[in-house]
file my_file-v3.cif (mmCIF, C-alpha atoms (C1' of nucleotides))
data_my_file
loop_
_atom_site.label_atom_id
_atom_site.label_comp_id
_atom_site.auth_asym_id
_atom_site.auth_seq_id
_atom_site.Cartn_x
_atom_site.Cartn_y
_atom_site.Cartn_z
CA MET A 1050 78.87 66.70 76.32
CA ARG A 1051 80.54 65.13 79.35
CA ARG A 1052 82.42 67.94 81.01
CA ASP A 1053 84.09 67.29 84.30
CA VAL A 1054 87.36 68.18 85.97
CA PHE A 1055 88.98 64.87 85.11
CA GLN A 1056 88.25 65.22 81.43
CA ALA A 1057 89.50 68.80 81.62
CA ILE A 1058 92.91 67.90 82.99
CA ALA A 1059 93.36 65.01 80.53
CA ASP A 1060 94.80 67.32 77.91
CA PRO A 1061 98.44 68.39 78.41
CA THR A 1062 97.88 71.87 76.98
CA ARG A 1063 95.01 72.44 79.39
CA ARG A 1064 97.17 71.25 82.30
CA ALA A 1065 99.83 73.75 81.24
CA ILE A 1066 97.22 76.53 81.05
CA ILE A 1067 96.02 75.61 84.54
CA SER A 1068 99.55 75.80 85.90
CA LEU A 1069 100.16 79.14 84.21
CA ILE A 1070 97.07 80.87 85.54
CA ALA A 1071 97.34 79.32 89.00
CA LEU A 1072 99.41 82.24 90.26
CA HIS A 1073 98.16 85.22 88.24
CA ALA A 1074 95.23 85.69 85.92
CA MET A 1075 96.15 85.84 82.23
CA THR A 1076 94.54 86.84 78.94
CA PRO A 1077 94.04 84.32 76.11
CA ASN A 1078 96.60 86.17 74.00
CA ALA A 1079 99.24 86.06 76.72
CA LEU A 1080 98.53 82.37 77.24
CA ALA A 1081 98.72 81.54 73.53
CA GLU A 1082 102.29 82.87 73.40
CA HIS A 1083 103.33 79.92 75.55
CA PHE A 1084 102.11 77.31 73.08
CA ASP A 1085 102.62 76.19 69.52
CA THR A 1086 98.91 76.25 68.78
CA SER A 1087 96.74 79.11 67.58
CA ARG A 1088 95.07 81.65 69.84
CA GLN A 1089 91.72 80.15 68.88
CA ALA A 1090 92.77 76.72 70.05
CA VAL A 1091 93.73 78.19 73.43
CA SER A 1092 90.39 79.99 73.49
CA LYS A 1093 88.66 76.66 72.95
CA HIS A 1094 90.57 75.13 75.85
CA LEU A 1095 89.55 78.08 78.02
CA ARG A 1096 85.93 77.49 77.08
CA ILE A 1097 86.19 73.88 78.23
CA LEU A 1098 87.85 74.96 81.48
CA THR A 1099 85.12 77.55 81.99
CA GLU A 1100 82.38 75.03 81.29
CA CYS A 1101 83.56 72.82 84.12
CA GLN A 1102 84.12 75.86 86.36
CA LEU A 1103 87.85 75.35 86.69
CA VAL A 1104 88.37 78.91 85.55
CA LYS A 1105 86.71 82.28 86.05
CA GLN A 1106 86.83 85.37 83.84
CA GLU A 1107 87.41 88.96 84.75
CA VAL A 1108 86.62 91.36 81.95
CA GLN A 1109 88.82 94.44 81.80
CA GLY A 1110 87.99 96.61 78.81
CA ARG A 1111 88.49 94.45 75.74
CA GLU A 1112 90.75 92.05 77.59
CA ILE A 1113 89.54 89.07 79.55
CA TYR A 1114 91.66 87.78 82.41
CA TYR A 1115 91.31 84.10 83.18
CA GLN A 1116 92.02 82.89 86.67
CA LEU A 1117 92.10 79.42 88.16
CA GLU A 1118 89.26 78.42 90.45
CA LEU A 1119 91.41 76.73 93.07
CA SER A 1120 88.44 75.30 94.93
CA LYS A 1121 87.54 73.24 91.88
CA MET A 1122 91.03 71.72 91.87
CA LYS A 1123 90.24 70.34 95.29
CA GLU A 1124 87.73 68.01 93.66
CA ILE A 1125 90.63 66.03 92.25
CA ASP A 1126 92.33 66.09 95.62
CA LYS A 1127 89.13 64.80 97.17
CA TRP A 1128 88.99 61.85 94.79
CA LEU A 1129 92.62 61.03 95.54
CA GLU A 1130 91.83 60.95 99.25
CA GLN A 1131 90.67 57.30 99.10
CA PHE A 1132 94.02 56.21 97.67
CA ARG A 1133 96.03 58.39 99.99
CA LYS A 1134 94.35 56.57 102.85
CA ILE A 1135 95.37 53.23 101.40
CA TRP A 1136 98.97 54.10 100.75
CA GLU A 1137 99.36 55.57 104.21
CA GLN A 1138 97.89 52.41 105.67
CA ARG A 1139 100.22 50.22 103.63
CA PHE A 1140 103.10 52.36 104.78
CA SER A 1141 102.22 51.93 108.46
CA GLU A 1142 101.82 48.19 107.88
CA LEU A 1143 105.36 48.13 106.54
CA ASP A 1144 106.41 50.11 109.60
CA ASN A 1145 104.93 47.43 111.83
CA VAL A 1146 106.75 44.68 109.99
CA LEU A 1147 110.04 46.51 110.40
CA LEU A 1148 109.29 47.11 114.09
CA THR A 1149 108.51 43.44 114.65
CA LEU A 1150 111.73 42.43 112.93
CA LYS A 1151 113.67 44.84 115.11
CA ASN A 1152 112.06 43.53 118.30
CA LYS A 1153 112.83 39.95 117.34
CA GLU A 1154 116.41 40.97 116.77
CA ASN A 1155 116.63 42.48 120.26
CA GLU A 1156 115.10 39.36 121.83
CA SER A 1157 117.71 37.06 120.39
CA MET B 120 98.88 57.06 71.15
CA ARG B 121 99.06 59.50 74.05
CA ARG B 122 98.81 57.35 77.12
CA ASP B 123 99.35 58.93 80.48
CA VAL B 124 97.78 58.77 83.93
CA PHE B 125 95.67 61.87 83.35
CA GLN B 126 94.16 60.54 80.17
CA ALA B 127 93.55 57.23 81.94
CA ILE B 128 91.50 58.75 84.76
CA ALA B 129 89.48 60.92 82.38
CA ASP B 130 87.01 58.11 81.76
CA PRO B 131 84.43 57.52 84.55
CA THR B 132 84.37 53.74 84.02
CA ARG B 133 88.14 53.60 84.37
CA ARG B 134 87.96 55.68 87.55
CA ALA B 135 85.41 53.22 88.92
CA ILE B 136 87.66 50.27 87.99
CA ILE B 137 90.57 51.96 89.75
CA SER B 138 88.50 52.43 92.91
CA LEU B 139 87.30 48.84 92.82
CA ILE B 140 90.73 47.26 92.51
CA ALA B 141 92.39 49.67 94.94
CA LEU B 142 91.73 47.35 97.88
CA HIS B 143 91.81 43.85 96.37
CA ALA B 144 92.88 42.55 92.99
CA MET B 145 90.02 41.52 90.70
CA THR B 146 89.50 39.56 87.48
CA PRO B 147 88.04 41.21 84.36
CA ASN B 148 84.91 39.07 84.68
CA ALA B 149 84.33 40.09 88.27
CA LEU B 150 84.89 43.73 87.31
CA ALA B 151 82.52 43.58 84.35
CA GLU B 152 79.66 42.55 86.66
CA HIS B 153 79.80 46.04 88.17
CA PHE B 154 79.14 47.80 84.88
CA ASP B 155 76.57 47.99 82.13
CA THR B 156 79.17 47.45 79.44
CA SER B 157 80.46 44.21 77.97
CA ARG B 158 83.35 42.23 79.39
CA GLN B 159 85.40 43.15 76.32
CA ALA B 160 84.91 46.85 76.97
CA VAL B 161 86.21 46.39 80.52
CA SER B 162 89.11 44.40 79.11
CA LYS B 163 89.92 47.31 76.82
CA HIS B 164 89.93 49.70 79.77
CA LEU B 165 92.26 47.36 81.62
CA ARG B 166 94.58 47.37 78.63
CA ILE B 167 94.74 51.17 78.73
CA LEU B 168 95.35 51.12 82.48
CA THR B 169 98.10 48.53 81.96
CA GLU B 170 99.70 50.56 79.18
CA CYS B 171 100.18 53.53 81.49
CA GLN B 172 101.28 51.23 84.33
CA LEU B 173 98.40 52.11 86.63
CA VAL B 174 97.65 48.43 86.96
CA LYS B 175 99.59 45.19 87.25
CA GLN B 176 98.48 41.65 86.42
CA GLU B 177 98.84 38.48 88.39
CA VAL B 178 98.08 35.36 86.37
CA GLN B 179 96.47 32.55 88.33
CA GLY B 180 95.59 29.64 86.10
CA ARG B 181 93.24 30.93 83.44
CA GLU B 182 92.24 33.89 85.56
CA ILE B 183 94.10 37.19 85.63
CA TYR B 184 93.93 39.34 88.72
CA TYR B 185 94.35 43.06 88.18
CA GLN B 186 95.68 45.20 90.98
CA LEU B 187 96.16 48.93 91.28
CA GLU B 188 99.70 50.27 91.13
CA LEU B 189 99.34 52.75 93.96
CA SER B 190 102.71 54.36 93.31
CA LYS B 191 101.48 55.47 89.89
CA MET B 192 98.52 57.19 91.52
CA LYS B 193 101.00 59.36 93.35
CA GLU B 194 101.91 60.96 90.04
CA ILE B 195 98.57 62.74 90.12
CA ASP B 196 99.15 63.69 93.73
CA LYS B 197 102.53 65.06 92.74
CA TRP B 198 101.02 67.28 90.05
CA LEU B 199 98.45 68.56 92.54
CA GLU B 200 101.24 69.54 94.93
CA GLN B 201 101.79 72.91 93.19
CA PHE B 202 98.16 73.88 93.75
CA ARG B 203 98.06 72.57 97.28
CA LYS B 204 100.96 74.90 98.01
CA ILE B 205 99.01 77.84 96.62
CA TRP B 206 95.78 77.14 98.45
CA GLU B 207 97.60 76.66 101.74
CA GLN B 208 99.39 79.96 101.17
CA ARG B 209 96.12 81.73 100.36
CA PHE B 210 94.63 80.22 103.47
CA SER B 211 97.42 81.52 105.69
CA GLU B 212 97.10 84.92 104.04
CA LEU B 213 93.44 84.90 105.01
CA ASP B 214 94.52 83.91 108.50
CA ASN B 215 96.79 86.96 108.67
CA VAL B 216 94.01 89.26 107.53
CA LEU B 217 91.73 87.88 110.23
CA LEU B 218 94.49 88.24 112.81
CA THR B 219 95.15 91.86 111.80
CA LEU B 220 91.45 92.63 112.05
CA LYS B 221 91.32 91.08 115.49
CA ASN B 222 94.35 93.05 116.70
CA LYS B 223 92.88 96.33 115.44
CA GLU B 224 89.71 95.47 117.30
CA ASN B 225 91.64 94.98 120.52
CA GLU B 226 93.52 98.25 120.07
CA SER B 227 90.34 100.31 119.81
"C1'" DT C 1288 89.36 13.68 74.84
"C1'" DA C 1289 85.41 16.76 74.33
"C1'" DT C 1290 83.35 20.76 76.45
"C1'" DA C 1291 82.95 24.89 79.21
"C1'" DT C 1292 85.18 28.99 81.04
"C1'" DT C 1293 88.28 33.02 81.09
"C1'" DT C 1294 90.54 36.01 78.60
"C1'" DG C 1295 92.63 39.12 74.84
"C1'" DC C 1296 92.58 40.73 70.12
"C1'" DA C 1297 90.82 42.39 65.56
"C1'" DA C 1298 87.54 44.78 62.84
"C1'" DC C 1299 84.00 47.88 62.68
"C1'" DT C 1300 81.08 52.11 64.13
"C1'" DG C 1301 79.30 56.46 65.73
"C1'" DA C 1302 80.64 60.17 68.78
"C1'" DT C 1303 84.07 63.18 70.51
"C1'" DT C 1304 88.50 65.56 70.41
"C1'" DG C 1305 91.84 69.05 69.31
"C1'" DG C 1306 93.20 71.48 65.82
"C1'" DT C 1307 92.53 74.66 61.73
"C1'" DT C 1308 90.58 78.78 58.95
"C1'" DT C 1309 87.18 82.27 58.47
"C1'" DC C 1310 84.12 85.61 60.29
"C1'" DA C 1311 81.63 88.78 63.70
"C1'" DT C 1312 81.74 91.81 67.65
"C1'" DA C 1313 83.37 95.06 70.76
"C1'" DA C 1314 86.78 98.08 72.79
"C1'" DA C 1315 90.92 101.17 72.20
"C1'" DC C 1316 93.15 104.47 69.59
"C1'" DA C 1317 94.74 107.53 65.55
"C1'" DT D 1285 85.22 108.27 62.07
"C1'" DG D 1286 88.29 104.66 60.38
"C1'" DT D 1287 91.71 101.32 61.92
"C1'" DT D 1288 93.86 98.26 65.01
"C1'" DT D 1289 93.51 94.95 68.75
"C1'" DA D 1290 91.36 91.28 71.68
"C1'" DT D 1291 88.24 87.95 71.76
"C1'" DG D 1292 84.62 84.22 70.88
"C1'" DA D 1293 81.89 81.42 67.63
"C1'" DA D 1294 81.09 78.58 63.51
"C1'" DA D 1295 82.30 75.28 60.10
"C1'" DC D 1296 85.22 71.91 58.87
"C1'" DC D 1297 88.74 67.87 59.30
"C1'" DA D 1298 91.72 64.03 60.64
"C1'" DA D 1299 92.62 61.34 64.65
"C1'" DT D 1300 91.14 59.13 68.68
"C1'" DC D 1301 87.71 57.05 71.80
"C1'" DA D 1302 84.59 53.89 73.86
"C1'" DG D 1303 81.72 50.77 72.66
"C1'" DT D 1304 80.15 46.64 69.88
"C1'" DT D 1305 80.40 41.66 67.71
"C1'" DG D 1306 83.02 37.74 66.40
"C1'" DC D 1307 86.94 34.83 66.95
"C1'" DA D 1308 91.18 32.49 68.74
"C1'" DA D 1309 93.97 30.69 72.54
"C1'" DA D 1310 94.66 28.68 76.83
"C1'" DT D 1311 93.19 26.59 81.11
"C1'" DA D 1312 89.83 23.85 83.85
"C1'" DT D 1313 86.59 20.22 84.11
"C1'" DA D 1314 83.40 16.34 82.71
#
call {"tool": "encode", "arguments": {"input": "my_file-v3.cif", "output": "structure tokens"}}
result
Amino acid sequence: MRRDVFQAIADPTRRAIISLIALHAMTPNALAEHFDTSRQAVSKHLRILTECQLVKQEVQGREIYYQLELSKMKEIDKWLEQFRKIWEQRFSELDNVLLTLKNKENES
Amino acid sequence: MRRDVFQAIADPTRRAIISLIALHAMTPNALAEHFDTSRQAVSKHLRILTECQLVKQEVQGREIYYQLELSKMKEIDKWLEQFRKIWEQRFSELDNVLLTLKNKENES
DNA sequence: TATATTTGCAACTGATTGGTTTCATAAACA
DNA sequence: TGTTTATGAAACCAATCAGTTGCAAATATA
């Protein structure tokens, strides 16, 4: 069972769950109300999110509050870093081209 | 066929392809040399990446150069924005707590 | 022109996915 | 104590996935 953050966020329902619990912890029941699927399906998604440590549980009586593990989200951000570097570089290259054009204009 | 950026980056081989072509365009054959899978499997991954516009082709004779569409990568970055906001907020909250503690220390 | 190279596509396969329904467990409450 | 509520786990199912092999088309080269 391959279980990593990227596979976890591939599913749209799981992305929605992640967004919902990003601010406050929520119970599976409360979450399920936001979707067309069954409570059990949501529970299954939560299991996947737990397995890749994107989510942590806080038991409160018979209820379980699920909360996003923000630090794990940074893993995605970390992977994006390499591309961010490139697009910033490309952007500054474009800047240089524009600057050169402007200078040439002033010279003439 | 659900085909979006998030589903595209779920596969580790596709993530590797994306990283490889981020800097220079590459042909399917050249890409396939980096993996244990067949050329056809890589070709299939490229088709998926093309379908969600993460990649663009440049035909050159009988060779096809695949290049990353950086702008599409920003879609992931955009989705992450909401969480980045939260973790920066949490961080500044922590900052405030530390500052309050420090002030109390000075008062005593 | 005949041959080699680069590529994509189709058909098939076993594994995985996301959903369902059913059941078991544990806590809250009457 | 008996019932309701909240939850996870198991068994099943259709669809999708990532890989394979074989083939066709187009370009390059001898």
call {"tool": "calpha_fit_and_write", "arguments": {"input": "my_file-v3.cif", "fixed": "chain B", "moving": "chain A", "output": "PDB file with C-alpha atoms, in the frame of the given file"}}
result
ATOM      1  CA  MET A1050      98.948  56.944  71.144  1.00  0.00           C
ATOM      2  CA  ARG A1051      99.214  59.387  74.042  1.00  0.00           C
ATOM      3  CA  ARG A1052      98.894  57.278  77.146  1.00  0.00           C
ATOM      4  CA  ASP A1053      99.390  58.904  80.484  1.00  0.00           C
ATOM      5  CA  VAL A1054      97.784  58.762  83.901  1.00  0.00           C
ATOM      6  CA  PHE A1055      95.687  61.857  83.312  1.00  0.00           C
ATOM      7  CA  GLN A1056      94.177  60.497  80.139  1.00  0.00           C
ATOM      8  CA  ALA A1057      93.583  57.210  81.944  1.00  0.00           C
ATOM      9  CA  ILE A1058      91.535  58.722  84.744  1.00  0.00           C
ATOM     10  CA  ALA A1059      89.496  60.896  82.351  1.00  0.00           C
ATOM     11  CA  ASP A1060      87.010  58.112  81.765  1.00  0.00           C
ATOM     12  CA  PRO A1061      84.441  57.521  84.540  1.00  0.00           C
ATOM     13  CA  THR A1062      84.367  53.754  84.019  1.00  0.00           C
ATOM     14  CA  ARG A1063      88.138  53.593  84.365  1.00  0.00           C
ATOM     15  CA  ARG A1064      87.971  55.681  87.553  1.00  0.00           C
ATOM     16  CA  ALA A1065      85.416  53.225  88.929  1.00  0.00           C
ATOM     17  CA  ILE A1066      87.661  50.281  87.995  1.00  0.00           C
ATOM     18  CA  ILE A1067      90.576  51.977  89.754  1.00  0.00           C
ATOM     19  CA  SER A1068      88.519  52.448  92.899  1.00  0.00           C
ATOM     20  CA  LEU A1069      87.333  48.846  92.819  1.00  0.00           C
ATOM     21  CA  ILE A1070      90.757  47.269  92.506  1.00  0.00           C
ATOM     22  CA  ALA A1071      92.409  49.687  94.930  1.00  0.00           C
ATOM     23  CA  LEU A1072      91.713  47.383  97.864  1.00  0.00           C
ATOM     24  CA  HIS A1073      91.813  43.884  96.357  1.00  0.00           C
ATOM     25  CA  ALA A1074      92.884  42.578  92.991  1.00  0.00           C
ATOM     26  CA  MET A1075      90.014  41.547  90.714  1.00  0.00           C
ATOM     27  CA  THR A1076      89.499  39.590  87.502  1.00  0.00           C
ATOM     28  CA  PRO A1077      88.048  41.231  84.370  1.00  0.00           C
ATOM     29  CA  ASN A1078      84.910  39.117  84.707  1.00  0.00           C
ATOM     30  CA  ALA A1079      84.336  40.157  88.308  1.00  0.00           C
ATOM     31  CA  LEU A1080      84.895  43.781  87.336  1.00  0.00           C
ATOM     32  CA  ALA A1081      82.520  43.626  84.365  1.00  0.00           C
ATOM     33  CA  GLU A1082      79.666  42.615  86.680  1.00  0.00           C
ATOM     34  CA  HIS A1083      79.814  46.101  88.173  1.00  0.00           C
ATOM     35  CA  PHE A1084      79.147  47.862  84.878  1.00  0.00           C
ATOM     36  CA  ASP A1085      76.575  48.052  82.133  1.00  0.00           C
ATOM     37  CA  THR A1086      79.159  47.487  79.428  1.00  0.00           C
ATOM     38  CA  SER A1087      80.469  44.240  77.990  1.00  0.00           C
ATOM     39  CA  ARG A1088      83.351  42.247  79.429  1.00  0.00           C
ATOM     40  CA  GLN A1089      85.381  43.155  76.355  1.00  0.00           C
ATOM     41  CA  ALA A1090      84.912  46.847  76.972  1.00  0.00           C
ATOM     42  CA  VAL A1091      86.218  46.398  80.522  1.00  0.00           C
ATOM     43  CA  SER A1092      89.115  44.401  79.102  1.00  0.00           C
ATOM     44  CA  LYS A1093      89.918  47.315  76.814  1.00  0.00           C
ATOM     45  CA  HIS A1094      89.918  49.706  79.761  1.00  0.00           C
ATOM     46  CA  LEU A1095      92.256  47.350  81.615  1.00  0.00           C
ATOM     47  CA  ARG A1096      94.595  47.365  78.637  1.00  0.00           C
ATOM     48  CA  ILE A1097      94.739  51.159  78.734  1.00  0.00           C
ATOM     49  CA  LEU A1098      95.370  51.111  82.487  1.00  0.00           C
ATOM     50  CA  THR A1099      98.101  48.522  81.974  1.00  0.00           C
ATOM     51  CA  GLU A1100      99.699  50.531  79.188  1.00  0.00           C
ATOM     52  CA  CYS A1101     100.192  53.495  81.481  1.00  0.00           C
ATOM     53  CA  GLN A1102     101.297  51.205  84.328  1.00  0.00           C
ATOM     54  CA  LEU A1103      98.421  52.097  86.611  1.00  0.00           C
ATOM     55  CA  VAL A1104      97.646  48.420  86.961  1.00  0.00           C
ATOM     56  CA  LYS A1105      99.572  45.170  87.264  1.00  0.00           C
ATOM     57  CA  GLN A1106      98.460  41.631  86.433  1.00  0.00           C
ATOM     58  CA  GLU A1107      98.826  38.467  88.408  1.00  0.00           C
ATOM     59  CA  VAL A1108      98.051  35.360  86.415  1.00  0.00           C
ATOM     60  CA  GLN A1109      96.447  32.546  88.377  1.00  0.00           C
ATOM     61  CA  GLY A1110      95.574  29.607  86.154  1.00  0.00           C
ATOM     62  CA  ARG A1111      93.204  30.924  83.510  1.00  0.00           C
ATOM     63  CA  GLU A1112      92.238  33.907  85.622  1.00  0.00           C
ATOM     64  CA  ILE A1113      94.097  37.182  85.657  1.00  0.00           C
ATOM     65  CA  TYR A1114      93.924  39.349  88.757  1.00  0.00           C
ATOM     66  CA  TYR A1115      94.337  43.059  88.189  1.00  0.00           C
ATOM     67  CA  GLN A1116      95.679  45.195  90.979  1.00  0.00           C
ATOM     68  CA  LEU A1117      96.179  48.928  91.271  1.00  0.00           C
ATOM     69  CA  GLU A1118      99.721  50.247  91.132  1.00  0.00           C
ATOM     70  CA  LEU A1119      99.351  52.739  93.960  1.00  0.00           C
ATOM     71  CA  SER A1120     102.712  54.349  93.302  1.00  0.00           C
ATOM     72  CA  LYS A1121     101.497  55.456  89.888  1.00  0.00           C
ATOM     73  CA  MET A1122      98.532  57.210  91.506  1.00  0.00           C
ATOM     74  CA  LYS A1123     101.035  59.364  93.329  1.00  0.00           C
ATOM     75  CA  GLU A1124     101.924  60.966  90.008  1.00  0.00           C
ATOM     76  CA  ILE A1125      98.586  62.747  90.084  1.00  0.00           C
ATOM     77  CA  ASP A1126      99.166  63.714  93.687  1.00  0.00           C
ATOM     78  CA  LYS A1127     102.546  65.089  92.692  1.00  0.00           C
ATOM     79  CA  TRP A1128     101.027  67.291  90.004  1.00  0.00           C
ATOM     80  CA  LEU A1129      98.448  68.583  92.473  1.00  0.00           C
ATOM     81  CA  GLU A1130     101.231  69.562  94.859  1.00  0.00           C
ATOM     82  CA  GLN A1131     101.770  72.935  93.119  1.00  0.00           C
ATOM     83  CA  PHE A1132      98.132  73.892  93.672  1.00  0.00           C
ATOM     84  CA  ARG A1133      98.035  72.573  97.196  1.00  0.00           C
ATOM     85  CA  LYS A1134     100.897  74.928  97.956  1.00  0.00           C
ATOM     86  CA  ILE A1135      98.942  77.847  96.556  1.00  0.00           C
ATOM     87  CA  TRP A1136      95.723  77.145  98.368  1.00  0.00           C
ATOM     88  CA  GLU A1137      97.538  76.669 101.649  1.00  0.00           C
ATOM     89  CA  GLN A1138      99.303  79.965 101.100  1.00  0.00           C
ATOM     90  CA  ARG A1139      96.044  81.734 100.304  1.00  0.00           C
ATOM     91  CA  PHE A1140      94.560  80.221 103.419  1.00  0.00           C
ATOM     92  CA  SER A1141      97.368  81.522 105.638  1.00  0.00           C
ATOM     93  CA  GLU A1142      97.034  84.932 103.983  1.00  0.00           C
ATOM     94  CA  LEU A1143      93.383  84.939 104.984  1.00  0.00           C
ATOM     95  CA  ASP A1144      94.475  83.924 108.472  1.00  0.00           C
ATOM     96  CA  ASN A1145      96.736  86.958 108.637  1.00  0.00           C
ATOM     97  CA  VAL A1146      93.958  89.276 107.553  1.00  0.00           C
ATOM     98  CA  LEU A1147      91.686  87.902 110.254  1.00  0.00           C
ATOM     99  CA  LEU A1148      94.484  88.226 112.825  1.00  0.00           C
ATOM    100  CA  THR A1149      95.124  91.835 111.848  1.00  0.00           C
ATOM    101  CA  LEU A1150      91.431  92.629 112.122  1.00  0.00           C
ATOM    102  CA  LYS A1151      91.329  91.046 115.558  1.00  0.00           C
ATOM    103  CA  ASN A1152      94.369  93.003 116.747  1.00  0.00           C
ATOM    104  CA  LYS A1153      92.880  96.259 115.518  1.00  0.00           C
ATOM    105  CA  GLU A1154      89.736  95.432 117.418  1.00  0.00           C
ATOM    106  CA  ASN A1155      91.710  94.911 120.634  1.00  0.00           C
ATOM    107  CA  GLU A1156      93.591  98.192 120.146  1.00  0.00           C
ATOM    108  CA  SER A1157      90.443 100.248 119.947  1.00  0.00           C
TER     109      SER A1157
END
call {"tool": "resolve_selection", "arguments": {"input": "my_file-v3.cif", "expression": "the PyMOL selection byres ((chain B) within 9 of (chain A))", "output": "list in words"}}
result
Asp123, Val124, Phe125, Gln126, Ala127, Ile128, Ala129, Asp130, Pro131, Ser138, Ala141, Leu142, Leu189, Ser190, Met192, Lys193, Ile195, Asp196, Leu199, Gln201, Phe202, Arg203, Ile205 and Trp206 of chain B
call {"tool": "atom_distance", "arguments": {"input": "my_file-v3.cif", "atom1": "C1' of DC1316 (chain C)", "atom2": "CA of Glu1112 (chain A)"}}
result
15.0 Å
call {"tool": "residues_around", "arguments": {"input": "my_file-v3.cif", "residues": "region 1103-1111 of chain A", "least_positions_apart": "5", "cutoff": "8 Å", "atoms": "only C-alpha atoms (C1' of nucleotides)", "output": "mmCIF file with C-alpha atoms (C1' of nucleotides), keeping the file's coordinate frame"}}
result
data_model
loop_
_atom_site.group_PDB
_atom_site.id
_atom_site.type_symbol
_atom_site.label_atom_id
_atom_site.label_comp_id
_atom_site.auth_asym_id
_atom_site.auth_seq_id
_atom_site.Cartn_x
_atom_site.Cartn_y
_atom_site.Cartn_z
ATOM 1 C CA VAL A 1054 87.360 68.180 85.970
ATOM 2 C CA LEU A 1095 89.550 78.080 78.020
ATOM 3 C CA LEU A 1098 87.850 74.960 81.480
ATOM 4 C CA GLN A 1116 92.020 82.890 86.670
ATOM 5 C CA LEU A 1117 92.100 79.420 88.160
ATOM 6 C CA GLU A 1118 89.260 78.420 90.450
ATOM 7 C CA LEU A 1119 91.410 76.730 93.070
ATOM 8 C CA LYS A 1121 87.540 73.240 91.880
ATOM 9 C CA MET A 1122 91.030 71.720 91.870
ATOM 10 C "C1'" DA C 1313 83.370 95.060 70.760
ATOM 11 C "C1'" DA C 1314 86.780 98.080 72.790
ATOM 12 C "C1'" DA C 1315 90.920 101.170 72.200
ATOM 13 C "C1'" DA D 1290 91.360 91.280 71.680
ATOM 14 C "C1'" DT D 1291 88.240 87.950 71.760
#
call {"tool": "atom_distance", "arguments": {"input": "my_file-v3.cif", "atom1": "CA of Lys204 (chain B)", "atom2": "CA of Ser1141 (chain A)"}}
result
25.3 Å
call {"tool": "interface_residues", "arguments": {"input": "my_file-v3.cif", "of": "chain A", "to": "chain D", "cutoff": "9 Å", "atoms": "all atoms listed in the file", "output": "list in words"}}
result
Pro1077, Asn1078, Gln1089, Ser1092, Lys1093, Arg1111, Glu1112 and Ile1113 of chain A
call {"tool": "axis_aligned_box", "arguments": {"input": "my_file-v3.cif", "around": "region 1296-1309 of chain D", "padding_each_side": "4 Å", "output": "AutoDock Vina command-line options"}}
result
--center_x 87.1 --center_y 51.3 --center_z 66.4 --size_x 21.8 --size_y 49.2 --size_z 23.0
call {"tool": "interface_residues", "arguments": {"input": "my_file-v3.cif", "of": "chain C", "to": "chain A", "cutoff": "12 Å", "atoms": "all atoms listed in the file", "output": "NGL selection string"}}
result
:C and (1302-1309 or 1312-1315)
call {"tool": "atom_distance", "arguments": {"input": "my_file-v3.cif", "atom1": "CA of Tyr184 (chain B)", "atom2": "CA of Gln1138 (chain A)"}}
result
21.8 Å
